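my_file-v1.tsv follows; it contains TSV, C-alpha atoms.
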chain	number	residue	atom	x	y	z
S	47	MET	CA	-1.91	1.23	-13.62
S	48	LEU	CA	-0.79	2.87	-10.43
S	49	ASN	CA	1.60	5.82	-10.74
S	50	VAL	CA	3.96	5.82	-7.76
S	51	MET	CA	6.88	8.24	-7.63
S	52	GLY	CA	7.05	8.46	-11.42
S	53	HIS	CA	6.85	4.69	-11.94
S	54	GLU	CA	3.88	2.89	-13.47
S	55	LEU	CA	2.96	-0.19	-11.46
S	56	ASP	CA	0.65	-2.91	-12.76
S	57	PHE	CA	-1.98	-2.67	-10.03
S	58	ASP	CA	-5.69	-1.95	-10.31
S	59	ILE	CA	-7.69	-1.17	-7.19
S	60	THR	CA	-10.76	-2.63	-8.90
S	61	ALA	CA	-9.15	-5.94	-9.94
S	62	PRO	CA	-10.10	-8.72	-7.49
S	63	ASP	CA	-6.83	-10.63	-8.06
S	64	ASP	CA	-4.77	-7.51	-7.29
S	65	LEU	CA	-6.82	-6.85	-4.15
S	66	ASP	CA	-6.52	-10.48	-3.02
S	67	ARG	CA	-2.74	-10.32	-3.45
S	68	TYR	CA	-2.62	-6.99	-1.58
S	69	LEU	CA	-4.63	-8.42	1.34
S	70	ARG	CA	-2.68	-11.69	1.48
S	71	CYS	CA	0.66	-9.89	1.43
S	72	GLY	CA	-0.54	-7.46	4.10
S	73	GLU	CA	-1.48	-10.36	6.36
S	74	GLU	CA	1.90	-12.00	5.77
S	75	MET	CA	3.68	-8.72	6.50
S	76	SER	CA	1.76	-8.30	9.76
S	77	ALA	CA	2.68	-11.83	10.85
S	78	ARG	CA	6.36	-11.23	10.07
S	79	ALA	CA	6.29	-7.85	11.86
S	80	ALA	CA	4.94	-9.55	14.98
S	81	GLU	CA	8.00	-11.82	14.98
S	82	ALA	CA	10.52	-9.07	14.20
S	83	PRO	CA	12.76	-7.53	16.82
S	84	PRO	CA	11.05	-4.69	18.67
S	85	MET	CA	12.14	-1.10	18.21
S	86	PRO	CA	14.06	0.01	21.30
S	87	GLU	CA	12.52	2.82	23.31
S	88	THR	CA	15.80	4.72	23.45
S	89	VAL	CA	19.04	4.72	21.51
S	90	THR	CA	21.44	5.95	24.16
S	91	THR	CA	24.01	3.16	24.28
S	92	PRO	CA	25.82	1.05	21.72
S	93	GLU	CA	23.57	-1.89	22.66
S	94	HIS	CA	20.49	0.21	22.01
S	95	LEU	CA	21.96	1.33	18.70
S	96	ARG	CA	22.59	-2.30	17.73
S	97	ALA	CA	19.00	-3.17	18.64
S	98	TYR	CA	17.75	-0.19	16.63
S	99	THR	CA	19.89	-1.30	13.67
S	100	GLU	CA	18.39	-4.79	13.83
S	101	TRP	CA	14.89	-3.32	14.01
S	102	CYS	CA	15.63	-1.11	10.96
S	103	ARG	CA	17.03	-4.07	9.05
S	104	ALA	CA	14.01	-6.26	9.83
S	105	TYR	CA	11.51	-3.49	9.05
S	106	CYS	CA	13.21	-2.68	5.74
S	107	LYS	CA	13.23	-6.37	4.74
S	108	ILE	CA	9.58	-6.87	5.66
S	109	CYS	CA	8.49	-3.77	3.75
S	110	THR	CA	10.61	-4.33	0.63
S	111	ASP	CA	9.41	-7.94	0.47
S	112	TRP	CA	5.82	-6.67	0.73
S	113	ILE	CA	6.32	-4.14	-2.07
S	114	ASP	CA	7.84	-6.79	-4.34
S	115	ALA	CA	5.14	-9.34	-3.48
S	116	VAL	CA	2.30	-6.91	-4.21
S	117	PHE	CA	3.71	-5.03	-7.22
S	118	GLY	CA	6.31	-7.38	-8.71
S	119	GLU	CA	9.89	-8.46	-8.16
S	120	GLY	CA	12.33	-5.55	-8.27
S	121	VAL	CA	9.74	-2.81	-7.71
S	122	ALA	CA	11.08	-2.01	-4.23
S	123	ASN	CA	14.54	-1.35	-5.66
S	124	LYS	CA	13.04	0.75	-8.42
S	125	LEU	CA	11.09	2.91	-5.95
S	126	LEU	CA	13.72	3.10	-3.22
S	127	GLY	CA	16.85	3.54	-5.30
S	128	PRO	CA	20.27	2.32	-4.27
S	129	LYS	CA	19.94	2.93	-0.51
S	130	THR	CA	17.10	1.47	1.53
S	131	SER	CA	16.13	3.23	4.73
S	132	VAL	CA	13.09	3.32	6.99
S	133	ALA	CA	12.56	6.98	6.08
S	134	LYS	CA	12.51	6.21	2.33
S	135	ILE	CA	10.22	3.23	2.87
S	136	LEU	CA	7.77	5.44	4.74
S	137	ASP	CA	7.86	7.91	1.84
S	138	VAL	CA	7.19	5.06	-0.62
S	139	CYS	CA	4.31	3.76	1.52
S	140	ASP	CA	2.80	7.26	1.60
S	141	ALA	CA	3.16	7.50	-2.18
S	142	ILE	CA	1.54	4.09	-2.68
S	143	GLN	CA	-1.36	5.06	-0.44
S	144	ALA	CA	-1.84	8.38	-2.25
S	145	ALA	CA	-1.72	6.71	-5.68
S	146	ALA	CA	-4.20	3.99	-4.65
S	147	THR	CA	-6.53	6.61	-3.17
S	148	LYS	CA	-6.35	8.66	-6.37
S	149	GLN	CA	-7.03	5.58	-8.49
S	150	GLY	CA	-9.99	4.66	-6.29
S	151	GLU	CA	-11.44	8.18	-6.45
S	152	THR	CA	-11.10	8.22	-10.23
S	153	VAL	CA	-12.91	4.89	-10.53
S	154	GLY	CA	-15.52	6.06	-8.02
S	155	LEU	CA	-16.32	9.09	-10.19
S	156	HIS	CA	-16.58	6.84	-13.23
S	157	ILE	CA	-18.93	4.45	-11.43
S	158	LYS	CA	-21.03	7.38	-10.24
S	159	LYS	CA	-21.74	8.35	-13.86
S	160	PHE	CA	-23.46	5.01	-14.36
S	161	THR	CA	-25.24	4.80	-11.01
S	162	PRO	CA	-28.40	6.83	-10.72
S	163	ASN	CA	-29.01	8.59	-7.45
S	164	ARG	CA	-31.95	7.80	-5.20
S	165	ALA	CA	-34.24	10.49	-6.62
S	166	THR	CA	-33.55	9.32	-10.17
S	167	ARG	CA	-34.29	5.69	-9.27
S	168	ARG	CA	-37.61	6.72	-7.64
S	169	ALA	CA	-38.58	8.75	-10.68
S	170	GLN	CA	-37.79	5.81	-12.95
S	171	ARG	CA	-39.93	3.46	-10.84
S	172	LYS	CA	-42.89	5.89	-10.90
S	173	ARG	CA	-42.76	6.04	-14.70
S	174	LYS	CA	-43.01	2.26	-15.03
Output the structure of this file as structure tokens.
Amino acid sequence: MLNVMGHELDFDITAPDDLDRYLRCGEEMSARAAEAPPMPETVTTPEHLRAYTEWCRAYCKICTDWIDAVFGEGVANKLLGPKTSVAKILDVCDAIQAAATKQGETVGLHIKKFTPNRATRRAQRKRK
């Protein structure tokens, strides 16, 4: 389980099916982002503000769809609350990354307990 912003998500960084889904959804998100409206360089006129609004809308949709596709339908709403914004999505993405990193480090330490280091392996070979 992945703990993200106080919510337990059914995701295991060591489960191949979860990783496949994560990778597939990331590729789909990248393809959709390439087709999305670009973020304007400035927001100094009403036209620029409209373009920025469309970029925000597209970015929010792409990211919330990704969250739901990876972690399950409705998870984006659970993590973001009643108001979706680019700023909140970035916070959620940071929290997901931190939780996945923590899960990976925990598993790494567990694996390390069962993996002898190089000196131990050499010593074991010499005894045989």
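Picture a line from atom CA of Ala79 of chain S to atom CA of Lys148 of chain S; it runs 27.7 Å.
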request  = Calculate how many Å separate atom CA of Asp63 of chain S from atom CA of Ile135 of chain S, rounding to one decimal.
outcome  = 24.5 Å
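Proximity to Glu81 of chain S was assessed for S:Asn123, S:Leu65, S:Tyr105, S:Thr99 counting only C-alpha atoms; the smallest distance is recorded for S:Tyr105.
Across the model, the gap from atom CA of Leu95 of chain S to atom CA of Cys109 of chain S is 20.8 Å.
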request  = May I have the residues within 12 Å of Arg67 of chain S as number ranges by chain, using all atoms listed in the file and disregarding those fewer than 5 positions away in the same chain?
outcome  = S: 57-59, 61-62, 72-75, 112-118
message = Residues near Gly150 of chain S, anyone? I mean within 12 Å using only C-alpha atoms, not counting same-chain ones fewer than 2 positions away, as a ChimeraX atom specification.
response = /S:47-48,57-61,143-148,152-157
S:Lys158, S:Glu87, S:Leu125, S:Leu69 ranked by distance to Ile142 of chain S, top pick (using only C-alpha atoms) = S:Leu125
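Restricting the calculation to all atoms listed in the file, the smallest distance between Val132 of chain S and any of S:Ala104, S:Gly52, S:Gln149, S:Lys159 is found for S:Ala104.
For the choices S:Thr90, S:Cys106, S:Ala141, S:Tyr98, the atom-to-atom distance to Lys129 of chain S is smallest for S:Cys106 when using only C-alpha atoms.
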task = For Gly127 of chain S, list every protein, DNA or RNA residue within 12 Å, evaluated using all atoms listed in the file, and leave out those in the same chain fewer than 6 positions away; present the list as a VMD selection string.
result = chain S and resid 51 110 120 to 121 134 to 135 138
